[in-house]
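Undergrad: Hey, dropping entry20.cif in here, mmCIF, C-alpha atoms:
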data_coords
loop_
_atom_site.label_atom_id
_atom_site.label_comp_id
_atom_site.auth_asym_id
_atom_site.auth_seq_id
_atom_site.Cartn_x
_atom_site.Cartn_y
_atom_site.Cartn_z
CA MET A 1 49.23 -18.16 6.23
CA THR A 2 45.47 -18.60 5.93
CA SER A 3 42.37 -16.75 7.00
CA SER A 4 38.67 -17.41 7.28
CA THR A 5 35.48 -15.42 7.46
CA ASP A 6 34.08 -17.92 10.00
CA GLU A 7 34.20 -17.08 13.67
CA TYR A 8 36.90 -18.87 15.64
CA ASP A 9 36.57 -20.21 19.17
CA LEU A 10 39.40 -17.91 20.24
CA THR A 11 41.35 -15.23 18.41
CA VAL A 12 44.64 -13.71 19.52
CA ALA A 13 44.72 -10.24 18.02
CA GLU A 14 47.72 -8.16 16.95
CA ALA A 15 50.34 -10.68 17.98
CA ARG A 16 54.01 -10.25 17.21
CA LEU A 17 55.58 -13.50 16.01
CA ARG A 18 59.28 -14.32 15.97
CA GLY A 19 60.82 -13.81 12.54
CA THR A 20 57.92 -11.79 11.11
CA GLU A 21 57.18 -8.13 10.57
CA GLY A 22 53.89 -6.55 11.50
CA PRO A 23 50.99 -7.86 13.59
CA ARG A 24 49.29 -11.23 13.12
CA TRP A 25 45.91 -12.60 14.13
CA ILE A 26 45.78 -16.21 15.33
CA GLY A 27 42.51 -18.09 14.94
CA ILE A 28 41.93 -21.12 17.17
CA ARG A 29 39.27 -23.77 16.66
CA ASP A 30 38.71 -27.16 18.32
CA GLY A 31 41.94 -26.90 20.28
CA SER A 32 44.16 -26.29 17.25
CA ILE A 33 45.60 -23.29 15.46
CA ALA A 34 43.29 -22.95 12.47
CA ALA A 35 44.61 -19.72 10.95
CA VAL A 36 47.43 -17.18 11.14
CA SER A 37 46.57 -14.00 9.26
CA GLU A 38 47.89 -10.53 8.54
CA THR A 39 44.31 -9.23 8.73
CA PRO A 40 41.81 -9.35 11.61
CA LEU A 41 40.00 -12.60 12.36
CA PRO A 42 36.68 -12.83 14.26
CA GLY A 43 36.47 -14.87 17.43
CA ALA A 44 33.90 -15.84 20.04
CA ARG A 45 36.55 -14.59 22.46
CA VAL A 46 39.30 -12.20 21.45
CA VAL A 47 42.55 -11.92 23.40
CA GLU A 48 44.34 -8.65 22.71
CA ALA A 49 48.08 -9.13 22.39
CA ASP A 50 48.58 -5.44 21.54
CA GLY A 51 51.88 -6.09 19.78
CA ALA A 52 53.29 -8.39 22.45
CA LEU A 53 55.36 -11.42 21.46
CA VAL A 54 53.35 -14.63 21.12
CA THR A 55 55.17 -17.98 21.12
CA PRO A 56 54.56 -21.65 21.80
CA SER A 57 54.12 -22.32 25.52
CA PHE A 58 56.93 -23.62 27.70
CA VAL A 59 58.41 -27.07 28.19
CA ASN A 60 60.38 -28.02 31.32
CA ALA A 61 62.56 -30.89 30.18
CA HIS A 62 63.87 -31.86 33.63
CA MET A 63 62.07 -31.47 36.98
CA HIS A 64 62.30 -33.43 40.23
CA LEU A 65 58.66 -32.80 41.00
CA ASP A 66 58.38 -35.15 43.98
CA LYS A 67 61.06 -33.18 45.89
CA VAL A 68 59.80 -29.61 45.54
CA TYR A 69 59.78 -27.47 48.70
CA THR A 70 61.75 -30.02 50.76
CA LEU A 71 64.90 -27.98 51.42
CA ASP A 72 63.89 -27.27 55.00
CA LEU A 73 63.67 -31.03 55.67
CA VAL A 74 67.32 -31.65 54.80
CA GLY A 75 69.17 -28.40 55.50
CA ASP A 76 71.99 -26.91 53.45
CA ALA A 77 74.62 -29.68 53.60
CA ALA A 78 73.56 -31.42 50.38
CA LEU A 79 73.24 -28.09 48.59
CA ALA A 80 76.75 -27.07 49.63
CA ALA A 81 78.16 -30.39 48.43
CA TYR A 82 76.36 -30.29 45.09
CA SER A 83 77.30 -26.71 44.28
CA GLY A 84 80.94 -26.96 45.32
CA ALA A 85 83.74 -26.19 42.87
CA GLY A 86 84.32 -29.03 40.43
CA MET A 87 81.27 -30.91 41.76
CA ASP A 88 83.59 -33.52 43.24
CA ALA A 89 81.09 -34.04 46.08
CA ALA A 90 78.06 -34.64 43.85
CA LEU A 91 77.75 -38.24 45.01
CA ALA A 92 77.90 -37.17 48.67
CA SER A 93 75.15 -34.63 48.03
CA ILE A 94 72.79 -37.37 46.85
CA GLU A 95 73.47 -39.36 50.02
CA LEU A 96 72.87 -36.29 52.19
CA ALA A 97 69.68 -35.37 50.35
CA SER A 98 68.17 -38.83 50.73
CA VAL A 99 67.25 -38.09 54.35
CA ALA A 100 64.16 -36.33 53.01
CA LYS A 101 62.75 -39.70 51.96
CA ASP A 102 62.51 -40.86 55.56
CA SER A 103 59.58 -38.46 55.97
CA TYR A 104 58.08 -38.92 52.50
CA ASP A 105 54.33 -38.54 52.74
CA GLU A 106 52.14 -38.94 49.66
CA GLY A 107 49.70 -36.23 50.74
CA ARG A 108 52.45 -33.68 51.28
CA ILE A 109 54.22 -34.64 48.04
CA GLU A 110 50.98 -34.25 46.10
CA ALA A 111 50.16 -30.88 47.67
CA ASN A 112 53.65 -29.52 47.08
CA ALA A 113 53.77 -30.78 43.50
CA ARG A 114 50.33 -29.32 42.79
CA ARG A 115 51.48 -25.95 44.16
CA CYS A 116 54.56 -26.11 41.92
CA LEU A 117 52.50 -27.03 38.85
CA ARG A 118 50.12 -24.14 39.49
CA SER A 119 53.11 -21.82 39.61
CA GLY A 120 54.27 -23.32 36.32
CA LEU A 121 50.82 -22.83 34.81
CA GLN A 122 50.88 -19.14 35.72
CA HIS A 123 54.24 -18.92 33.95
CA GLY A 124 53.02 -20.60 30.76
CA LEU A 125 54.20 -24.17 31.35
CA ARG A 126 52.64 -26.83 29.11
CA HIS A 127 54.83 -29.96 29.35
CA VAL A 128 57.07 -31.37 32.11
CA LEU A 129 59.45 -34.31 32.30
CA ALA A 130 58.69 -35.08 35.96
CA PHE A 131 61.11 -37.31 37.87
CA ALA A 132 59.89 -39.31 40.87
CA ASP A 133 62.35 -41.17 43.09
CA VAL A 134 61.69 -44.91 43.12
CA ASP A 135 64.11 -46.66 45.47
CA SER A 136 64.29 -48.69 48.66
CA ARG A 137 63.82 -45.59 50.85
CA ALA A 138 61.14 -43.80 48.83
CA GLY A 139 59.28 -46.87 47.66
CA LEU A 140 56.45 -45.73 45.39
CA ARG A 141 55.44 -42.79 47.60
CA GLY A 142 56.91 -40.32 45.12
CA VAL A 143 55.55 -41.77 41.90
CA ARG A 144 51.90 -42.37 42.92
CA PRO A 145 51.11 -38.68 43.64
CA LEU A 146 52.64 -37.62 40.32
CA LEU A 147 50.56 -40.17 38.44
CA ARG A 148 47.43 -38.72 40.07
CA LEU A 149 48.49 -35.18 39.19
CA ARG A 150 49.19 -36.27 35.61
CA GLU A 151 45.48 -37.02 35.26
CA GLU A 152 44.39 -33.91 37.17
CA PHE A 153 46.37 -31.54 34.93
CA ARG A 154 46.05 -33.44 31.64
CA GLY A 155 45.41 -31.08 28.71
CA VAL A 156 46.60 -28.09 30.71
CA ILE A 157 50.05 -29.25 31.84
CA ASP A 158 50.99 -32.67 30.51
CA LEU A 159 53.39 -34.68 32.68
CA GLN A 160 55.72 -37.41 31.55
CA VAL A 161 56.33 -39.23 34.83
CA VAL A 162 59.79 -40.79 35.16
CA ALA A 163 60.33 -43.80 37.44
CA PHE A 164 63.76 -42.75 38.71
CA PRO A 165 66.04 -45.02 40.81
CA GLN A 166 67.80 -42.07 42.44
CA ASP A 167 70.03 -44.17 44.71
CA GLY A 168 71.20 -46.52 42.00
CA LEU A 169 70.10 -49.95 40.87
CA LEU A 170 72.75 -52.53 41.69
CA CYS A 171 73.90 -50.60 44.76
CA ASP A 172 70.30 -50.32 46.02
CA PRO A 173 68.84 -53.84 46.22
CA GLY A 174 65.11 -53.82 45.55
CA ALA A 175 65.13 -50.65 43.46
CA GLU A 176 64.84 -52.52 40.17
CA ASP A 177 61.66 -54.30 41.25
CA LEU A 178 60.18 -50.96 42.33
CA VAL A 179 60.95 -49.38 38.95
CA ARG A 180 59.22 -52.29 37.25
CA GLU A 181 56.22 -51.84 39.55
CA ALA A 182 56.13 -48.10 38.79
CA VAL A 183 56.07 -48.86 35.07
CA ALA A 184 53.20 -51.29 35.66
CA LEU A 185 51.35 -48.51 37.49
CA GLY A 186 51.69 -46.31 34.42
CA ALA A 187 54.96 -44.38 34.63
CA ASP A 188 55.63 -42.92 31.18
CA VAL A 189 59.44 -43.02 31.20
CA VAL A 190 62.09 -45.35 32.60
CA GLY A 191 64.77 -43.43 34.46
CA GLY A 192 68.31 -44.12 35.53
CA ILE A 193 71.42 -42.68 37.15
CA PRO A 194 74.19 -45.11 36.24
CA TRP A 195 77.17 -42.96 37.17
CA ILE A 196 76.61 -43.48 40.91
CA GLU A 197 77.08 -47.27 40.72
CA HIS A 198 80.25 -48.64 42.34
CA THR A 199 81.98 -49.77 39.14
CA ASP A 200 81.85 -49.12 35.40
CA THR A 201 80.65 -52.70 34.96
CA ASP A 202 77.71 -52.04 37.28
CA ALA A 203 77.00 -48.73 35.55
CA ARG A 204 76.80 -50.49 32.19
CA GLU A 205 74.50 -53.14 33.69
CA HIS A 206 72.30 -50.38 35.16
CA VAL A 207 71.89 -48.85 31.71
CA ARG A 208 71.26 -52.21 30.07
CA ARG A 209 68.54 -53.27 32.49
CA MET A 210 66.65 -49.99 32.40
CA CYS A 211 66.83 -49.68 28.61
CA GLU A 212 65.63 -53.25 28.20
CA LEU A 213 62.73 -52.50 30.53
CA ALA A 214 61.83 -49.48 28.41
CA ALA A 215 62.05 -51.47 25.18
CA LYS A 216 59.85 -54.23 26.60
CA HIS A 217 57.08 -51.83 27.63
CA GLY A 218 57.34 -49.28 24.83
CA ARG A 219 58.59 -46.50 27.10
CA ARG A 220 61.07 -43.71 26.61
CA VAL A 221 64.29 -43.47 28.65
CA ALA A 222 65.62 -40.50 30.65
CA MET A 223 68.84 -40.85 32.62
CA LEU A 224 70.97 -38.55 34.72
CA VAL A 225 74.42 -39.24 33.31
CA ASP A 226 77.94 -38.09 34.20
CA ASP A 227 76.76 -35.57 36.78
CA ALA A 228 80.16 -34.80 38.31
CA GLY A 229 83.44 -33.22 37.30
CA ASP A 230 85.10 -36.46 36.22
CA PRO A 231 86.15 -36.72 32.55
CA TRP A 232 86.45 -40.49 32.90
CA LEU A 233 82.73 -40.88 33.43
CA ARG A 234 81.32 -42.45 30.27
CA THR A 235 77.70 -43.28 31.07
CA THR A 236 76.40 -40.97 28.32
CA GLU A 237 78.23 -43.22 25.88
CA MET A 238 76.73 -46.30 27.56
CA LEU A 239 73.22 -44.88 27.21
CA ALA A 240 73.65 -44.02 23.54
CA SER A 241 75.07 -47.46 22.77
CA GLU A 242 72.16 -49.25 24.44
CA LEU A 243 69.59 -47.13 22.61
CA ILE A 244 71.16 -48.21 19.33
CA ARG A 245 71.42 -51.87 20.35
CA LEU A 246 67.78 -52.09 21.41
CA GLY A 247 66.27 -50.12 18.54
CA LEU A 248 65.36 -47.19 20.79
CA ARG A 249 66.79 -44.51 18.53
CA GLY A 250 65.20 -41.14 19.22
CA ARG A 251 63.65 -42.33 22.49
CA GLY A 252 66.34 -41.35 24.99
CA VAL A 253 67.26 -38.25 26.99
CA ALA A 254 70.62 -37.56 28.66
CA ASN A 255 70.16 -35.18 31.58
CA HIS A 256 72.95 -33.07 33.07
CA ALA A 257 75.97 -34.83 31.47
CA ARG A 258 78.17 -32.22 33.15
CA ALA A 259 81.34 -34.28 32.79
CA LEU A 260 81.24 -33.60 29.04
CA SER A 261 82.52 -30.11 29.86
CA GLN A 262 85.76 -31.80 30.95
CA TYR A 263 86.23 -33.82 27.75
CA SER A 264 88.92 -33.09 25.20
CA LYS A 265 87.60 -31.86 21.87
CA PRO A 266 88.25 -35.18 20.06
CA SER A 267 86.43 -37.12 22.81
CA LEU A 268 83.46 -34.77 22.65
CA GLN A 269 83.27 -35.06 18.88
CA ARG A 270 83.39 -38.85 19.05
CA LEU A 271 80.59 -38.93 21.61
CA ALA A 272 78.55 -36.50 19.51
CA ARG A 273 78.71 -38.86 16.54
CA LEU A 274 77.47 -41.74 18.67
CA ALA A 275 74.70 -39.59 20.20
CA ARG A 276 73.51 -38.49 16.75
CA ASP A 277 73.31 -42.12 15.67
CA ALA A 278 71.26 -42.89 18.80
CA GLY A 279 68.96 -39.91 18.31
CA LEU A 280 69.88 -38.91 21.86
CA GLY A 281 68.61 -35.59 23.16
CA PHE A 282 70.25 -33.63 25.98
CA VAL A 283 68.95 -31.51 28.84
CA SER A 284 71.04 -29.01 30.76
CA ASP A 285 70.28 -27.12 33.97
CA PRO A 286 73.21 -24.69 33.93
CA HIS A 287 71.92 -22.62 36.85
CA THR A 288 72.32 -25.60 39.22
CA GLY A 289 75.68 -27.06 40.19
CA ALA A 290 79.09 -25.61 39.43
CA LEU A 291 79.55 -27.34 36.06
CA HIS A 292 77.26 -27.58 33.07
CA LEU A 293 76.86 -29.39 29.79
CA PRO A 294 78.71 -27.70 26.88
CA VAL A 295 75.39 -26.62 25.35
CA PHE A 296 76.53 -24.74 22.28
CA GLU A 297 79.31 -27.18 21.46
CA LEU A 298 76.77 -30.00 21.28
CA ARG A 299 74.37 -27.86 19.27
CA ALA A 300 77.18 -27.20 16.79
CA GLN A 301 77.49 -30.99 16.45
CA GLY A 302 73.82 -31.21 15.43
CA LEU A 303 72.44 -32.42 18.76
CA PRO A 304 69.22 -31.03 20.30
CA VAL A 305 69.71 -29.52 23.76
CA ALA A 306 66.87 -28.45 26.03
CA LEU A 307 66.88 -26.62 29.35
CA GLY A 308 65.19 -27.66 32.58
CA GLN A 309 64.30 -26.08 35.89
CA ASP A 310 65.63 -29.21 37.67
CA ASP A 311 64.60 -28.27 41.21
CA CYS A 312 62.40 -25.93 43.22
CA GLU A 313 63.52 -25.25 46.79
CA ASP A 314 65.01 -28.67 47.44
CA ALA A 315 68.37 -30.07 48.50
CA TYR A 316 70.02 -29.27 45.16
CA TYR A 317 68.70 -25.77 44.37
CA PRO A 318 67.20 -23.27 46.85
CA PHE A 319 65.14 -21.23 44.38
CA GLY A 320 62.93 -21.92 41.36
CA ARG A 321 59.33 -21.24 40.28
CA GLN A 322 58.97 -23.36 37.13
CA ASN A 323 59.35 -20.07 35.28
CA MET A 324 61.16 -21.15 32.14
CA LEU A 325 61.80 -17.55 31.08
CA GLU A 326 63.73 -17.19 34.32
CA VAL A 327 65.69 -20.33 33.44
CA VAL A 328 66.56 -18.75 30.07
CA PHE A 329 67.57 -15.54 31.87
CA LEU A 330 69.91 -17.44 34.19
CA ALA A 331 71.29 -19.64 31.42
CA ALA A 332 72.02 -16.57 29.30
CA HIS A 333 74.37 -15.34 32.02
CA VAL A 334 76.00 -18.69 32.77
CA LEU A 335 76.52 -19.57 29.11
CA GLY A 336 77.36 -16.09 27.81
CA ALA A 337 74.35 -16.06 25.51
CA SER A 338 72.59 -12.77 26.14
CA ALA A 339 71.93 -11.72 22.54
CA GLY A 340 71.51 -12.79 18.95
CA GLU A 341 71.26 -16.39 17.76
CA ARG A 342 72.49 -17.80 21.06
CA LEU A 343 69.67 -16.18 23.03
CA GLU A 344 67.20 -17.34 20.39
CA ALA A 345 68.56 -20.88 20.80
CA LEU A 346 68.07 -20.75 24.57
CA PHE A 347 64.46 -19.73 24.09
CA ASP A 348 63.99 -22.65 21.70
CA ALA A 349 65.51 -24.84 24.42
CA VAL A 350 62.44 -24.22 26.61
CA THR A 351 59.90 -24.37 23.79
CA THR A 352 60.32 -26.11 20.42
CA THR A 353 63.67 -27.85 20.93
CA ALA A 354 62.61 -29.00 24.39
CA ALA A 355 59.50 -30.57 22.87
CA GLN A 356 61.69 -32.33 20.29
CA VAL A 357 63.95 -33.72 23.02
CA LEU A 358 60.94 -35.10 24.92
CA GLY A 359 59.34 -36.59 21.81
CA ILE A 360 56.39 -34.17 21.82
CA GLY A 361 55.11 -33.65 18.30
CA GLY A 362 53.66 -30.50 16.80
CA HIS A 363 54.72 -28.05 19.51
CA ARG A 364 55.04 -24.98 17.30
CA LEU A 365 53.08 -21.89 16.38
CA ALA A 366 51.71 -22.93 13.00
CA VAL A 367 48.42 -23.81 11.35
CA GLY A 368 47.42 -27.34 12.32
CA ALA A 369 49.47 -27.39 15.52
CA PRO A 370 47.91 -27.68 18.98
CA ALA A 371 46.81 -24.31 20.30
CA ASP A 372 49.32 -24.14 23.17
CA LEU A 373 50.77 -20.65 23.32
CA VAL A 374 51.64 -17.70 25.52
CA VAL A 375 51.21 -13.95 25.11
CA LEU A 376 54.40 -12.67 26.70
CA ASN A 377 55.18 -9.44 28.48
CA GLY A 378 57.32 -7.71 25.90
CA SER A 379 57.39 -7.11 22.18
CA THR A 380 60.83 -8.67 21.71
CA LEU A 381 62.50 -11.80 23.00
CA ARG A 382 65.15 -9.76 24.81
CA GLU A 383 62.47 -7.73 26.57
CA ALA A 384 60.52 -10.82 27.64
CA VAL A 385 63.62 -12.59 28.95
CA ALA A 386 65.00 -9.51 30.70
CA HIS A 387 61.93 -9.16 32.91
CA HIS A 388 60.78 -12.83 32.90
CA LEU A 389 57.31 -11.89 34.09
CA PRO A 390 54.35 -14.28 33.88
CA PRO A 391 52.70 -14.25 30.44
CA ARG A 392 49.73 -11.97 30.00
CA PHE A 393 47.72 -14.93 28.70
CA VAL A 394 48.36 -18.67 28.71
CA VAL A 395 46.46 -20.81 26.19
CA ALA A 396 46.42 -24.62 26.53
CA SER A 397 44.42 -26.94 24.28
CA GLY A 398 42.76 -23.89 22.77
CA GLN A 399 41.52 -22.45 26.08
CA VAL A 400 42.77 -19.49 28.12
CA VAL A 401 43.92 -21.18 31.32
CA ALA A 402 45.82 -18.35 33.03
CA GLU A 403 45.99 -14.57 32.89
CA SER A 404 48.30 -12.08 34.53
CA SER A 405 48.06 -8.37 35.15
CA SER A 406 51.80 -7.98 35.69
CA ASP A 407 52.29 -6.17 32.37
CA SER A 408 51.71 -2.70 33.82
CA TRP A 409 55.38 -1.88 33.30
CA LEU A 410 54.74 -2.11 29.55
CA ALA A 411 52.06 0.58 29.59
CA ARG A 412 52.52 2.87 26.62
#
Would you mind giving the structure from this file in structure tokens?
TA:
Amino acid sequence: MTSSTDEYDLTVAEARLRGTEGPRWIGIRDGSIAAVSETPLPGARVVEADGALVTPSFVNAHMHLDKVYTLDLVGDAALAAYSGAGMDAALASIELASVAKDSYDEGRIEANARRCLRSGLQHGLRHVLAFADVDSRAGLRGVRPLLRLREEFRGVIDLQVVAFPQDGLLCDPGAEDLVREAVALGADVVGGIPWIEHTDTDAREHVRRMCELAAKHGRRVAMLVDDAGDPWLRTTEMLASELIRLGLRGRGVANHARALSQYSKPSLQRLARLARDAGLGFVSDPHTGALHLPVFELRAQGLPVALGQDDCEDAYYPFGRQNMLEVVFLAAHVLGASAGERLEALFDAVTTTAAQVLGIGGHRLAVGAPADLVVLNGSTLREAVAHHLPPRFVVASGQVVAESSSDSWLAR
């Protein structure tokens, strides 16, 4: 804890911080947290927290941003298939949802994604792992708008754009060339979905090719793995093995991995050892689909697990606002984690742990860290999650970028 008699660019006054007693003043200068003090700090602008909880801003570790608000284009058939018991129709849901790509329009994708990002900004979002379909039906019509929005929102909401071969690689001729072209255009992350290939051999080849592409161009890897209720799916293991082989330790993300919930305990422990060696992070979206990653079992094995919104009003999920507090609220019910350390861990899964999974450094509320924080509605974590209202103030890169008056319920 430090303080200064100099005036700061921005001061957050009387903030409540997790794990501390009594109010704190946060001094911000040149886009960074310069001081955290138990006594008042002067600021050119002062934001009054009034005892509300202040935390790092939010990270959405899995979002199909090119598909937002497309549910009406495809109807409910894909949604019904994806959310069915056991998720045995997950593959069919992808095929049903792909009809939306026949009417892909870059202008509409960009407008919808911008609307979604603005909603996220109002809810304190700072970083997004943003998937864009790159395949023979979508072409590059999904990735180009997200690359433009990445520049438009840079410093306020930072996007990691994923070139994602949604319909497979070997079973979708031409997709691999499009992924390579997307990377050449500037996509940040190489994606993959190996479990939908026709054979295990093809799935392994899918992983190999995409990981080698990432290694060649210095990119990270994010793959949707084992997204069905089949315990024989082993593409998470394939991904971890390739990361190790290619020297990509700590540069990979396994999204969904729902089949792990069907593993025996010895199989899960064996995979966890391999994943730790690979530095593999995991992302779960437990409010979508009927199965979910065994979040707390993997955490107990020392693996970082983040949460994602996944979808907003598309073929796979009919709701969503990029409100990560709402995601925590839903996950708390699904995972039985409504109090204590488990609720704290879920909040970390949309803030600090999520940043770790995505390779984002310094995302914490500490002196020297980037000044990316939110003043929440509530003085405790339970209170903030229970109501999941927009933050009273959102600070990005040291500037107040959003404010909300929805805290009237907290009037004392």
Undergrad: Kindly assemble as a Markdown table a list of the segment 287-400 of chain A residues that lie within 9 Å of segment 147-159 of chain A, each paired with its nearest atom pair and their distance in Å to one decimal, using all atoms listed in the file, sorted first by chain and then by ascending residue number.
TA:
| residue | atom | partner | partner_atom | distance |
| --- | --- | --- | --- | --- |
| A:Asp372 | CA | A:Val156 | CA | 8.9 |
| A:Val395 | CA | A:Val156 | CA | 8.6 |
| A:Ala396 | CA | A:Val156 | CA | 5.4 |
| A:Ser397 | CA | A:Gly155 | CA | 6.1 |
| A:Gln399 | CA | A:Val156 | CA | 8.9 |
Undergrad: Pull C-alpha atoms from the residues just selected and write them as a compact mmCIF listing (two decimals), in the frame of the given file.
TA:
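Below is the file part02.txt, written as the result:
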# COMPACT_ATOMS: atom_id res chain seq x y z
CA ASP A 372 49.32 -24.14 23.17
CA VAL A 395 46.46 -20.81 26.19
CA ALA A 396 46.42 -24.62 26.53
CA SER A 397 44.42 -26.94 24.28
CA GLN A 399 41.52 -22.45 26.08
Undergrad: Restricting the calculation to all atoms listed in the file, which member of A:Leu246, A:Leu330, A:Val74, A:Leu65 is positioned closest to Ala111 of chain A?
TA: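 With all atoms listed in the file as the atom set, the closest residue is A:Leu65.
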Undergrad: So which residues get picked by the PyMOL selection byres ((chain A and resi 278) around 7) here, written as a ChimeraX atom specification?
TA: /A:240,243-244,249-250,274-277,279-280
Undergrad: With distances taken over all atoms listed in the file, which of A:Gly51, A:Gly120, A:Gly27, A:Pro294 is nearest to Val367 of chain A?
TA: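 Closest to Val367 of chain A of all the choices is A:Gly27.
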Undergrad: I need the residue set behind the PyMOL selection byres ((chain A and resi 79) around 9) for this file; please write it as a JSON list (two decimals) with C-alpha atoms, keeping the file's coordinate frame.
TA:
[["chain", "number", "residue", "atom", "x", "y", "z"],
["A", 71, "LEU", "CA", 64.90, -27.98, 51.42],
["A", 75, "GLY", "CA", 69.17, -28.40, 55.50],
["A", 76, "ASP", "CA", 71.99, -26.91, 53.45],
["A", 77, "ALA", "CA", 74.62, -29.68, 53.60],
["A", 78, "ALA", "CA", 73.56, -31.42, 50.38],
["A", 80, "ALA", "CA", 76.75, -27.07, 49.63],
["A", 81, "ALA", "CA", 78.16, -30.39, 48.43],
["A", 82, "TYR", "CA", 76.36, -30.29, 45.09],
["A", 83, "SER", "CA", 77.30, -26.71, 44.28],
["A", 84, "GLY", "CA", 80.94, -26.96, 45.32],
["A", 93, "SER", "CA", 75.15, -34.63, 48.03],
["A", 96, "LEU", "CA", 72.87, -36.29, 52.19],
["A", 97, "ALA", "CA", 69.68, -35.37, 50.35],
["A", 289, "GLY", "CA", 75.68, -27.06, 40.19],
["A", 314, "ASP", "CA", 65.01, -28.67, 47.44],
["A", 315, "ALA", "CA", 68.37, -30.07, 48.50],
["A", 316, "TYR", "CA", 70.02, -29.27, 45.16],
["A", 317, "TYR", "CA", 68.70, -25.77, 44.37],
["A", 318, "PRO", "CA", 67.20, -23.27, 46.85]]
Undergrad: Tell me, in Å to one decimal, how far atom CA of Asp102 of chain A is from atom CA of Leu213 of chain A.
TA: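 Value for the atom CA of Asp102 of chain A-atom CA of Leu213 of chain A distance: 27.6 Å.
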Undergrad: Enclose the full set of atoms of segment 184-201 of chain A listed in the file within a box whose edges lie along x, y and z, apply 3 Å of padding to each of the six sides, and report centre and edge lengths in Å to one decimal as JSON.
TA:
{"center_x": 66.7, "center_y": -47.7, "center_z": 36.8, "size_x": 36.6, "size_y": 16.0, "size_z": 17.2}
Undergrad: Just want the 9 Å neighbourhood of Gly302 of chain A, counted on only C-alpha atoms, with same-chain residues fewer than 3 positions away dropped. Output as a ChimeraX atom specification.
TA: /A:272,276,298-299
Undergrad: What residues come out when you apply the PyMOL selection byres ((chain A and resi 378-389) around 6) to this file, written as a JSON list (two decimals) with C-alpha atoms, in the frame of the given file?
TA:
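So result-v7.json came out as:
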[["chain", "number", "residue", "atom", "x", "y", "z"],
["A", 52, "ALA", "CA", 53.29, -8.39, 22.45],
["A", 53, "LEU", "CA", 55.36, -11.42, 21.46],
["A", 325, "LEU", "CA", 61.80, -17.55, 31.08],
["A", 326, "GLU", "CA", 63.73, -17.19, 34.32],
["A", 329, "PHE", "CA", 67.57, -15.54, 31.87],
["A", 376, "LEU", "CA", 54.40, -12.67, 26.70],
["A", 377, "ASN", "CA", 55.18, -9.44, 28.48],
["A", 390, "PRO", "CA", 54.35, -14.28, 33.88]]
Undergrad: Considering only C-alpha atoms, state which residue in the set A:Gln166, A:Gln160, A:Ser136, A:Ser119 is at the smallest distance from Ala355 of chain A.
TA: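 Selected residue with least distance to Ala355 of chain A: A:Gln160.
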Undergrad: For atom CA of Asp226 of chain A and atom CA of Thr70 of chain A, determine how far apart the two atoms are, in Å to one decimal place.
TA: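 Separating atom CA of Asp226 of chain A from atom CA of Thr70 of chain A is a distance of 24.5 Å.
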Undergrad: Need the shell around Gly22 of chain A: protein/DNA/RNA residues with any atom at most 12 Å away, counting all atoms listed in the file. Skip same-chain ones fewer than 2 positions apart. Format as a PyMOL selection string?
TA: chain A and resi 13-20+24-25+37-39+50-53+379
Undergrad: Have a look at atom CA of His363 of chain A and atom CA of Glu212 of chain A and let me know their distance in Å, one decimal.
TA: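 Pair atom CA of His363 of chain A / atom CA of Glu212 of chain A returns 28.8 Å.
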Undergrad: Quick one: residues within 12 Å of (58.9, -29.9, 35.0) (file frame), counting only C-alpha atoms, please, as a PyMOL selection string.
TA: chain A and resi 58-68+113-114+116-121+123-132+146+150+157-162+283+285+307-312+320-324+327+350+354+358
Undergrad: Measuring between all atoms listed in the file, which one of A:Val328, A:Val253, A:Ala92, A:Ala100 shows the shortest distance to Phe347 of chain A?
TA: A:Val328
Undergrad: Near Ala257 of chain A, counting all atoms listed in the file, which residues have an atom at most 6 Å away, once you skip same-chain residues fewer than 4 positions from it, shown as a list in words?
TA: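 Final neighbour list, sorted by chain and number: Val225, Asp226, Asp227 and Leu293 of chain A.
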Undergrad: Quick one: residues within 8 Å of segment 332-338 of chain A, all atoms listed in the file, excluding same-chain residues fewer than 5 positions away - as a list in words?
TA: Pro286, His287, Leu343 and Leu346 of chain A
Undergrad: Nearest to Ala306 of chain A among A:Ser284, A:Gln122, A:Thr11, A:Ser98, with distances taken over only C-alpha atoms: which residue is it?
TA: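 Of A:Ser284, A:Gln122, A:Thr11, A:Ser98, the one nearest Ala306 of chain A is A:Ser284, counting only C-alpha atoms.
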Undergrad: Write out as a list in words each polymer residue whose atoms come within 12 Å of Asp202 of chain A, counting all atoms listed in the file; drop sequence neighbours fewer than 3 positions from it.
TA: Gly168, Leu169, Leu170, Cys171, Asp172, Ile193, Pro194, Trp195, Ile196, Glu197, His198, Thr199, Glu205, His206, Val207, Arg208, Arg209, Thr235 and Met238 of chain A
Undergrad: For each of A:Glu297, A:Asp105, A:Glu176, A:Glu237, take the minimum atom-to-atom distance to Leu271 of chain A, counting only C-alpha atoms, then give the residue where this is smallest.
TA: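 When distances to Leu271 of chain A are compared using only C-alpha atoms, the smallest one comes from A:Glu237.
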Undergrad: Kindly write C-alpha atoms of segment 141-151 of chain A from the structure just given to a file, as a short mmCIF file (atom, residue, chain, number, x, y, z; two decimals), in the first residue's frame.
TA:
data_model
loop_
_atom_site.label_atom_id
_atom_site.label_comp_id
_atom_site.auth_asym_id
_atom_site.auth_seq_id
_atom_site.Cartn_x
_atom_site.Cartn_y
_atom_site.Cartn_z
CA ARG A 141 -17.16 -12.57 -43.65
CA GLY A 142 -17.16 -13.26 -39.91
CA VAL A 143 -13.54 -12.49 -39.13
CA ARG A 144 -13.12 -9.19 -41.02
CA PRO A 145 -15.77 -7.27 -39.03
CA LEU A 146 -14.28 -8.47 -35.74
CA LEU A 147 -10.82 -7.33 -36.78
CA ARG A 148 -12.25 -3.87 -37.50
CA LEU A 149 -14.02 -3.80 -34.14
CA ARG A 150 -10.81 -4.89 -32.41
CA GLU A 151 -9.26 -1.60 -33.53
#
